[in-house]
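Okay, run.cif is below, mmCIF, C-alpha atoms:
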```cif
data_model
loop_
_atom_site.label_atom_id
_atom_site.label_comp_id
_atom_site.auth_asym_id
_atom_site.auth_seq_id
_atom_site.Cartn_x
_atom_site.Cartn_y
_atom_site.Cartn_z
CA MET I 1 116.88 -18.16 -126.38
CA ARG I 2 119.21 -15.47 -127.57
CA ASN I 3 122.75 -14.98 -126.24
CA ALA I 4 121.78 -16.30 -122.79
CA MET I 5 124.17 -15.87 -119.84
CA MET I 6 122.07 -17.12 -116.91
CA ILE I 7 119.11 -19.46 -117.29
CA GLY I 8 116.36 -20.03 -114.74
CA GLU I 9 113.15 -22.01 -114.77
CA ARG I 10 111.06 -19.35 -116.47
CA VAL I 11 113.41 -16.48 -117.29
CA TYR I 12 116.93 -16.00 -118.56
CA LEU I 13 119.41 -13.12 -118.56
CA ARG I 14 121.22 -11.88 -121.65
CA PRO I 15 123.34 -8.80 -122.37
CA LEU I 16 121.32 -5.73 -123.30
CA GLU I 17 121.31 -4.99 -127.02
CA LYS I 18 120.84 -1.59 -128.62
CA THR I 19 117.63 -2.94 -130.12
CA ASP I 20 116.22 -3.29 -126.55
CA ALA I 21 116.01 0.49 -126.37
CA GLU I 22 112.57 0.49 -128.01
CA VAL I 23 111.19 -1.98 -125.42
CA ILE I 24 112.64 -0.08 -122.45
CA ALA I 25 111.26 3.20 -123.80
CA ARG I 26 107.83 1.62 -124.36
CA HIS I 27 107.76 0.25 -120.80
CA ALA I 28 108.65 3.72 -119.49
CA HIS I 29 105.66 5.13 -121.38
CA GLU I 30 103.35 2.49 -119.89
CA GLU I 31 104.55 2.77 -116.26
CA THR I 32 101.73 2.39 -113.71
CA GLU I 33 103.66 3.18 -110.49
CA THR I 34 104.73 6.61 -109.20
CA PHE I 35 107.01 5.70 -106.30
CA PHE I 36 110.27 5.38 -108.19
CA GLU I 37 113.04 7.75 -107.17
CA SER I 38 112.97 9.73 -110.43
CA GLY I 39 109.23 9.43 -110.88
CA ARG I 40 107.61 8.45 -114.19
CA ILE I 41 109.43 9.81 -117.21
CA PRO I 42 108.65 8.97 -120.87
CA LEU I 43 112.12 7.96 -122.09
CA SER I 44 113.28 8.46 -125.66
CA PRO I 45 114.54 5.29 -127.37
CA ILE I 46 117.33 7.44 -128.84
CA ALA I 47 118.61 8.27 -125.34
CA VAL I 48 118.20 4.70 -124.11
CA GLU I 49 120.14 3.39 -127.11
CA LYS I 50 122.98 5.80 -126.34
CA TRP I 51 122.96 4.61 -122.70
CA ILE I 52 123.18 0.96 -123.80
CA GLU I 53 126.01 1.80 -126.20
CA GLY I 54 127.91 3.45 -123.34
CA LEU I 55 127.59 0.36 -121.15
CA TYR I 56 130.03 -1.53 -123.36
CA LYS I 57 132.55 1.25 -123.96
CA GLN I 58 134.31 1.37 -120.59
CA GLN I 59 136.95 -1.31 -120.05
CA PRO I 60 137.09 -2.83 -117.53
CA SER I 61 133.37 -2.30 -117.35
CA LEU I 62 131.98 -0.86 -114.14
CA HIS I 63 128.38 -1.63 -115.07
CA PHE I 64 126.74 -4.79 -116.41
CA GLN I 65 123.08 -4.65 -117.37
CA PHE I 66 121.11 -7.71 -118.44
CA ALA I 67 117.77 -8.01 -120.19
CA VAL I 68 115.32 -10.26 -118.30
CA CYS I 69 113.54 -12.40 -120.89
CA LEU I 70 110.83 -15.04 -120.71
CA LEU I 71 112.11 -18.49 -121.62
CA GLU I 72 108.90 -19.36 -123.39
CA THR I 73 108.61 -16.36 -125.73
CA ASP I 74 111.93 -14.46 -125.54
CA GLU I 75 109.91 -11.37 -124.58
CA MET I 76 111.98 -8.86 -122.60
CA ILE I 77 110.12 -7.94 -119.41
CA GLY I 78 112.75 -5.93 -117.55
CA SER I 79 116.40 -5.66 -116.71
CA VAL I 80 118.78 -6.33 -113.81
CA GLY I 81 122.29 -5.03 -113.35
CA LEU I 82 125.44 -4.58 -111.36
CA GLY I 83 126.64 -0.99 -111.07
CA GLY I 84 129.73 0.54 -109.54
CA ILE I 85 131.64 -2.70 -109.94
CA ASP I 86 134.84 -2.46 -107.96
CA TRP I 87 137.17 -5.10 -109.37
CA ILE I 88 139.76 -4.72 -106.62
CA ASN I 89 137.51 -4.59 -103.56
CA ARG I 90 135.11 -7.01 -105.30
CA THR I 91 131.91 -5.15 -104.53
CA ALA I 92 129.03 -3.86 -106.63
CA GLU I 93 125.56 -2.37 -106.34
CA THR I 94 122.59 -4.33 -107.65
CA GLU I 95 119.62 -2.90 -109.47
CA SER I 96 116.51 -4.44 -110.91
CA TYR I 97 113.61 -3.18 -112.94
CA LEU I 98 110.63 -5.30 -113.80
CA ASP I 99 109.49 -2.72 -116.32
CA SER I 100 106.56 -4.61 -117.72
CA ALA I 101 103.68 -3.90 -115.32
CA ALA I 102 101.77 -6.88 -116.71
CA HIS I 103 104.45 -9.28 -115.44
CA ARG I 104 104.73 -7.94 -111.88
CA GLY I 105 103.62 -10.03 -108.90
CA LYS I 106 104.15 -13.31 -110.71
CA GLY I 107 107.54 -14.29 -109.32
CA TYR I 108 109.62 -13.32 -112.36
CA GLY I 109 111.41 -10.52 -110.45
CA PRO I 110 112.81 -12.71 -107.63
CA GLU I 111 113.88 -15.37 -110.14
CA ALA I 112 115.75 -12.81 -112.24
CA LYS I 113 117.32 -11.30 -109.12
CA HIS I 114 118.57 -14.66 -107.89
CA LEU I 115 120.14 -15.28 -111.31
CA LEU I 116 121.86 -11.89 -111.04
CA LEU I 117 123.13 -12.66 -107.53
CA GLU I 118 124.33 -16.07 -108.69
CA TYR I 119 126.22 -14.40 -111.52
CA ALA I 120 127.76 -11.85 -109.13
CA PHE I 121 128.79 -14.26 -106.37
CA GLU I 122 129.54 -17.43 -108.34
CA HIS I 123 130.92 -16.09 -111.62
CA LEU I 124 132.48 -12.72 -110.76
CA HIS I 125 133.38 -13.82 -107.21
CA ILE I 126 132.05 -10.61 -105.74
CA GLU I 127 132.45 -10.51 -101.94
CA MET I 128 129.67 -8.09 -100.95
CA LEU I 129 126.78 -6.45 -102.77
CA SER I 130 124.79 -3.39 -101.84
CA SER I 131 121.40 -2.07 -102.87
CA PHE I 132 119.74 1.29 -102.39
CA VAL I 133 115.97 1.75 -102.40
CA TRP I 134 114.05 5.00 -102.22
CA GLU I 135 111.90 4.81 -99.08
CA PRO I 136 108.51 5.21 -100.79
CA ASN I 137 109.28 2.16 -102.92
CA ALA I 138 108.15 -0.28 -100.21
CA ARG I 139 107.75 -3.11 -102.71
CA SER I 140 111.45 -3.07 -103.63
CA ALA I 141 112.51 -2.70 -99.99
CA SER I 142 110.47 -5.75 -99.08
CA ALA I 143 111.86 -7.66 -102.08
CA VAL I 144 115.53 -7.09 -101.23
CA LEU I 145 114.93 -8.18 -97.62
CA SER I 146 113.34 -11.41 -98.80
CA GLN I 147 116.33 -11.95 -101.13
CA GLY I 148 118.60 -11.99 -98.06
CA TYR I 149 119.88 -8.41 -97.92
CA ARG I 150 120.39 -6.84 -94.47
CA PRO I 151 119.54 -3.21 -93.62
CA ALA I 152 122.71 -1.06 -93.62
CA GLY I 153 121.33 2.38 -92.83
CA ARG I 154 119.58 5.29 -94.46
CA ILE I 155 120.80 8.25 -96.47
CA LYS I 156 119.07 11.58 -96.83
CA SER I 157 118.26 12.13 -100.50
CA ARG I 158 117.48 14.95 -102.92
CA MET I 159 114.20 13.33 -103.93
CA MET I 160 110.89 14.61 -102.65
CA GLN I 161 107.45 13.08 -102.33
CA ASN I 162 104.43 15.21 -101.45
CA GLY I 163 106.66 18.15 -100.51
CA GLU I 164 108.98 16.21 -98.22
CA PHE I 165 112.47 14.88 -98.69
CA ARG I 166 112.46 11.09 -98.42
CA ASP I 167 115.42 8.89 -97.55
CA MET I 168 117.27 6.20 -99.47
CA LEU I 169 117.43 2.90 -97.59
CA ALA I 170 120.74 1.02 -97.81
CA PHE I 171 121.10 -2.77 -97.79
CA ASP I 172 123.99 -5.19 -98.18
CA ILE I 173 124.40 -8.92 -98.65
CA SER I 174 127.16 -11.53 -98.53
CA ARG I 175 127.34 -14.76 -100.54
CA ASP I 176 126.37 -16.90 -97.51
CA GLU I 177 123.35 -14.73 -96.78
CA TRP I 178 122.25 -14.99 -100.39
CA LEU I 179 122.66 -18.80 -100.43
CA GLU I 180 120.44 -19.08 -97.34
CA ALA I 181 117.81 -16.78 -98.84
CA ARG I 182 117.85 -18.65 -102.16
CA ALA I 183 117.37 -21.98 -100.36
CA ARG I 184 114.33 -20.52 -98.56
CA TRP I 185 112.96 -19.15 -101.84
CA GLN I 186 113.48 -22.47 -103.63
CA ALA I 187 111.82 -24.40 -100.78
CA ALA I 188 108.82 -22.05 -100.85
CA ARG I 189 108.50 -22.58 -104.60
CA GLN I 190 108.58 -26.33 -104.19
CA THR I 191 105.82 -26.11 -101.55
CA LYS I 192 103.68 -24.02 -103.93
CA LYS I 193 104.08 -26.62 -106.68
CA MET F 194 147.70 28.39 -108.42
CA ARG F 195 146.10 27.82 -105.03
CA ALA F 196 142.51 28.30 -103.90
CA ILE F 197 143.11 30.76 -101.05
CA TYR F 198 140.00 29.50 -99.24
CA LEU F 199 141.11 25.84 -99.39
CA MET F 200 144.53 25.97 -97.77
CA GLY F 201 145.64 23.92 -94.80
CA THR F 202 148.90 23.51 -92.94
CA LYS F 203 149.96 20.42 -94.94
CA VAL F 204 147.90 20.51 -98.15
CA TYR F 205 145.90 22.84 -100.34
CA LEU F 206 143.32 22.27 -103.04
CA ARG F 207 143.17 23.67 -106.53
CA ALA F 208 141.48 22.99 -109.87
CA MET F 209 143.09 20.40 -112.13
CA ILE F 210 145.59 21.78 -114.64
CA GLU F 211 147.14 20.35 -117.81
CA ALA F 212 150.45 19.56 -116.09
CA ASP F 213 148.58 17.10 -113.84
CA LYS F 214 148.61 14.63 -116.74
CA GLU F 215 152.11 13.70 -115.58
CA SER F 216 150.84 12.48 -112.18
CA GLY F 217 147.71 10.56 -113.17
CA VAL F 218 148.35 7.72 -110.74
CA ALA F 219 148.19 10.20 -107.84
CA TRP F 220 144.75 11.57 -108.69
CA PHE F 221 142.93 9.18 -111.04
CA ASN F 222 140.21 6.92 -109.70
CA SER F 223 137.35 5.96 -111.98
CA GLY F 224 135.07 4.67 -109.22
CA MET F 225 134.85 7.63 -106.90
CA PRO F 226 132.89 8.82 -105.03
CA LEU F 227 130.93 5.57 -104.62
CA SER F 228 133.56 2.88 -105.14
CA GLY F 229 137.21 2.34 -105.91
CA PHE F 230 138.49 2.87 -102.37
CA GLY F 231 142.24 2.42 -102.36
CA ASN F 232 142.27 1.34 -106.01
CA HIS F 233 145.26 2.40 -108.06
CA TYR F 234 145.34 1.73 -111.79
CA PRO F 235 148.23 2.47 -114.12
CA ILE F 236 147.39 5.56 -116.19
CA ASN F 237 149.90 7.15 -118.53
CA ALA F 238 150.20 10.83 -119.44
CA GLU F 239 148.27 10.46 -122.70
CA GLN F 240 145.30 8.76 -121.07
CA ALA F 241 145.41 11.18 -118.13
CA GLU F 242 145.27 14.08 -120.57
CA THR F 243 142.19 12.54 -122.20
CA VAL F 244 140.51 12.20 -118.79
CA LEU F 245 141.39 15.79 -117.87
CA LYS F 246 139.90 17.09 -121.13
CA GLU F 247 136.73 15.02 -120.77
CA GLU F 248 136.20 16.03 -117.16
CA ASN F 249 136.78 19.69 -117.92
CA SER F 250 134.79 19.95 -121.13
CA SER F 251 132.40 22.39 -119.47
CA VAL F 252 132.82 25.18 -116.93
CA PHE F 253 129.43 24.37 -115.43
CA GLY F 254 127.98 21.15 -114.11
CA GLY F 255 127.96 19.28 -110.85
CA ASN F 256 130.97 16.98 -111.22
CA ARG F 257 134.37 18.41 -110.49
CA ARG F 258 137.72 16.99 -109.52
CA TYR F 259 140.25 19.03 -107.57
CA ALA F 260 143.90 18.29 -106.92
CA ILE F 261 145.10 17.83 -103.35
CA VAL F 262 148.60 19.26 -103.33
CA ARG F 263 151.24 19.11 -100.62
CA ASN F 264 152.23 22.61 -99.45
CA ASP F 265 155.85 21.62 -99.22
CA GLY F 266 157.05 20.97 -102.78
CA ASP F 267 153.69 21.29 -104.60
CA ALA F 268 153.44 17.58 -105.43
CA VAL F 269 149.96 16.28 -106.24
CA VAL F 270 149.17 13.76 -103.49
CA GLY F 271 145.55 13.02 -104.30
CA SER F 272 142.26 14.30 -105.58
CA PHE F 273 138.90 15.26 -104.26
CA LEU F 274 135.83 14.61 -106.38
CA GLU F 275 132.63 16.59 -105.98
CA GLU F 276 129.49 15.08 -107.51
CA SER F 277 126.70 17.47 -106.69
CA ASN F 278 123.17 18.57 -107.37
CA TYR F 279 123.30 22.14 -106.13
CA PRO F 280 122.03 23.10 -103.58
CA LEU F 281 120.76 19.78 -102.27
CA ILE F 282 123.53 17.21 -102.08
CA ALA F 283 127.27 17.10 -102.58
CA ARG F 284 128.67 13.59 -102.67
CA ILE F 285 132.39 13.64 -102.35
CA GLY F 286 135.23 11.18 -102.66
CA ILE F 287 138.88 11.44 -101.76
CA HIS F 288 141.59 9.46 -103.54
CA MET F 289 145.17 9.47 -102.30
CA ALA F 290 148.32 8.60 -104.24
CA PRO F 291 149.86 5.15 -103.71
CA MET F 292 152.78 4.58 -101.35
CA LEU F 293 152.13 7.65 -99.18
CA ALA F 294 153.06 7.05 -95.55
CA ASP F 295 150.95 9.98 -94.33
CA ALA F 296 147.94 9.52 -96.65
CA ASP F 297 145.36 9.32 -93.85
CA GLY F 298 146.60 12.53 -92.22
CA LEU F 299 146.68 14.45 -95.50
CA GLN F 300 143.23 13.17 -96.39
CA ALA F 301 141.93 14.19 -92.95
CA GLU F 302 143.13 17.73 -93.52
CA ALA F 303 141.65 17.82 -97.04
CA LEU F 304 138.28 16.77 -95.58
CA SER F 305 138.56 19.51 -92.95
CA LEU F 306 139.02 22.07 -95.72
CA VAL F 307 136.24 20.77 -97.93
CA ILE F 308 133.33 20.25 -95.51
CA PRO F 309 133.08 23.84 -94.19
CA TRP F 310 133.43 25.09 -97.76
CA LEU F 311 130.59 22.93 -99.11
CA ARG F 312 128.24 22.96 -96.11
CA ASP F 313 128.78 26.42 -94.61
CA GLU F 314 129.95 28.58 -97.52
CA ARG F 315 128.22 27.03 -100.55
CA GLN F 316 125.40 25.96 -98.23
CA PHE F 317 124.64 22.51 -99.57
CA ARG F 318 121.87 20.83 -97.60
CA LEU F 319 123.87 17.60 -97.31
CA VAL F 320 127.46 16.56 -97.82
CA GLN F 321 128.13 12.81 -97.93
CA ILE F 322 131.31 10.78 -98.12
CA TYR F 323 132.18 7.08 -97.91
CA LEU F 324 135.24 6.23 -95.81
CA PRO F 325 136.84 2.84 -95.17
CA ASP F 326 136.54 2.10 -91.45
CA ASP F 327 140.29 1.85 -90.91
CA GLN F 328 141.07 5.44 -91.92
CA ARG F 329 141.21 6.58 -88.31
CA GLU F 330 142.53 10.13 -88.76
CA THR F 331 140.01 10.96 -91.47
CA ILE F 332 137.14 9.48 -89.45
CA ALA F 333 138.24 11.52 -86.41
CA ALA F 334 138.23 14.61 -88.64
CA ALA F 335 134.73 13.73 -89.87
CA ALA F 336 133.47 13.48 -86.27
CA LYS F 337 135.07 16.83 -85.44
CA LEU F 338 133.20 18.32 -88.41
CA ASP F 339 129.88 17.07 -86.94
CA MET F 340 129.51 14.42 -89.62
CA THR F 341 127.53 11.38 -88.51
CA GLU F 342 127.56 7.75 -89.60
CA VAL F 343 124.44 6.93 -91.64
CA VAL F 344 125.30 3.75 -93.56
CA ARG F 345 127.66 0.88 -92.79
CA LEU F 346 128.30 -1.53 -95.68
CA ARG F 347 129.91 -4.61 -94.16
CA ARG F 348 133.29 -5.85 -95.42
CA HIS F 349 133.21 -3.66 -98.52
CA VAL F 350 136.90 -2.76 -98.67
CA ALA F 351 139.70 -5.25 -99.27
CA ARG F 352 142.89 -4.95 -97.28
CA PRO F 353 145.82 -7.38 -97.23
CA GLY F 354 144.49 -10.42 -95.37
CA GLU F 355 141.23 -8.84 -94.23
CA ARG F 356 138.20 -6.82 -95.19
CA VAL F 357 136.91 -3.67 -93.49
CA ASP F 358 133.55 -1.93 -93.44
CA LEU F 359 132.77 1.03 -95.66
CA VAL F 360 130.96 3.78 -93.77
CA MET F 361 129.03 6.73 -95.12
CA TYR F 362 129.31 9.94 -93.14
CA GLU F 363 126.87 12.77 -93.66
CA ALA F 364 127.11 16.47 -92.82
CA VAL F 365 123.72 18.11 -92.49
CA ASN F 366 123.48 21.86 -92.94
CA PRO F 367 121.49 23.20 -89.97
CA ARG F 368 120.45 26.22 -92.09
CA TRP F 369 118.15 23.88 -93.99
CA ALA F 370 116.25 22.84 -90.85
CA GLY F 371 112.59 23.62 -91.34
CA VAL F 372 112.71 23.53 -95.14
CA ASN F 373 111.39 20.00 -94.89
CA ALA F 374 108.65 20.88 -92.36
#
```
Whole structure, structure tokens version:
Amino acid sequence: MRNAMMIGERVYLRPLEKTDAEVIARHAHEETETFFESGRIPLSPIAVEKWIEGLYKQQPSLHFQFAVCLLETDEMIGSVGLGGIDWINRTAETESYLDSAAHRGKGYGPEAKHLLLEYAFEHLHIEMLSSFVWEPNARSASAVLSQGYRPAGRIKSRMMQNGEFRDMLAFDISRDEWLEARARWQAARQTKK
Amino acid sequence: MRAIYLMGTKVYLRAMIEADKESGVAWFNSGMPLSGFGNHYPINAEQAETVLKEENSSVFGGNRRYAIVRNDGDAVVGSFLEESNYPLIARIGIHMAPMLADADGLQAEALSLVIPWLRDERQFRLVQIYLPDDQRETIAAAAKLDMTEVVRLRRHVARPGERVDLVMYEAVNPRWAGVNA
């Protein structure tokens, strides 16, 4: 493990390094899905590196982004983050990207997300979190609901799919709601074992 | 310097100017338009000047901050941030100076100046703003401007001894009806 901040059963979270830019750019080139809000875009590692560099410049930081890595191999398979951190109101917006298509559908995403929520609620003492999902991304919408988020409304967006504007779905979650959802998720995992 | 099309009875709006570095606390908010509601951070003149230069490094672009200035005495009492992708969406945020007894009323008037300008004159398809649920005068102004509640984030704003909801209001430009058909 390298510079780990949150450790789960199969994955751990660590701060993004500039050297992760190559991996993120490669994942963007190998994307298999088209329903993301900005579509598929081959990212340049130069631009990604600059973005990572910027994450650490602002103090106090308003954005934390973590690499999601496999415990067994250290391979980075995606990233999760807290954006728009409001240190006074103690709120933030969550985001998660399981960039590696080969690792989707295997339970790594929910595990990484629960580690992120644990970090937000138990370490930063955030009061409420929000999440926004572009409507065509039904997989993410379903995931945030199973992680305990509640629907908070919908926002018209500038993004189009097949010639039509599609909405952004809003969700929010409190610490108690997350604890309940995590207990359900842990119980389901125990049953599977 | 006043924008003649953004003048109300209590406040007017104008572009930021170099002298505004002296009143950074009144207009600076790093989280807007999506967070930072009611946050006030200490910012000195030197840092405020840096922010002003960074934010105004280009004439073009979709992110602009404007000063909200009281008509009587020309004091900067807040700022209005426009984050836009013309002509589709303008997301706006309003920040008011600390310790203002009439902040909600001034903010309500600023919103009443800004929405017709963005929706009806510049013809954005959508104008969106987050407002804490206890800003009664501003919310009443939003309703009067035909803005509707579209998102309610529970307990997202801290107040002394309590938390209040954060609500997104949206103004839809009826001229765009049918574009989506």
> Near chain I, which residues of chain F fall within 9 Å when you count all atoms listed in the file, and what do they look like as a ChimeraX atom specification?
Replying inline: /F:223-224,227-232,278,281-282,319,321,342-352,356,361,363,372-374
> By how many Å are atom CA of I:Ser79 and atom CA of I:Asp167 apart?
Replying inline: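 These atoms are spaced 24.1 Å apart.
Atom CA of I:Glu72 is positioned 26.3 Å from atom CA of I:Arg139.
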> What does the PyMOL selection byres ((chain I and resi 12-15) around 12) select in this file, as JSON, numbers by chain?
Replying inline: {"I": [1, 2, 3, 4, 5, 6, 7, 8, 9, 10, 11, 16, 17, 18, 19, 20, 52, 53, 55, 56, 63, 64, 65, 66, 67, 68, 69, 70, 71, 72, 73, 74, 75, 76, 77, 78, 79, 80, 81, 82, 96, 108, 109, 111, 112, 113, 114, 115, 116, 117, 118, 119]}
>> At a cut-off of 6 Å around the point (144.8, 17.6, -109.7) (file coordinates), what residues fall inside when counting all atoms listed in the file? I'd like the answer as number ranges by chain.
In response: F: 209, 213, 259-260, 272
>> For the provided coordinates, the residues matched by the PyMOL selection byres ((chain F and resi 283-299) around 9) should be stated as a PyMOL selection string.
In response: chain F and resi 203-204+218-222+225-233+255+261+263+269-282+300-304+311-312+317-324+328-331
> Which distance in Å separates atom CA of F:Ser305 and atom CA of F:Lys337, to one decimal?
Replying inline: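 Straight-line distance from atom CA of F:Ser305 to atom CA of F:Lys337 works out to 8.7 Å.
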Return as AutoDock Vina command-line options the centre and edge lengths, in Å with one decimal, of the box along x, y and z that encloses every atom of stretch 97-101 of chain I in the file, padded by 8 Å per side.
```
--center_x 108.6 --center_y -4.0 --center_z -115.3 --size_x 25.9 --size_y 18.6 --size_z 20.8
```
>> What's around F:Glu239 at 12 Å? Count all atoms listed in the file, leave out sequence neighbours fewer than 4 positions away in its own chain, and write the answer as number ranges by chain.
In response: F: 211-217, 235, 243-246
> Which residue gives the smallest distance to F:Asp313 among F:Arg368, F:Arg207, F:Arg195, F:Arg258, with all atoms listed in the file counted?
Replying inline: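 Of all the options, F:Arg368 lies closest to F:Asp313.
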>> Please list as a VMD selection string every residue within 8 Å of stretch 339-341 of chain F, counting only C-alpha atoms and excluding residues in the same chain fewer than 3 positions away.
In response: chain F and resid 335 to 336 362 to 365
> Could you write out as number ranges by chain the residues that the PyMOL selection byres ((chain I and resi 32-39) around 7) matches in the shown file?
Replying inline: I: 30-31, 40-41, 101, 134, 136-137, 159
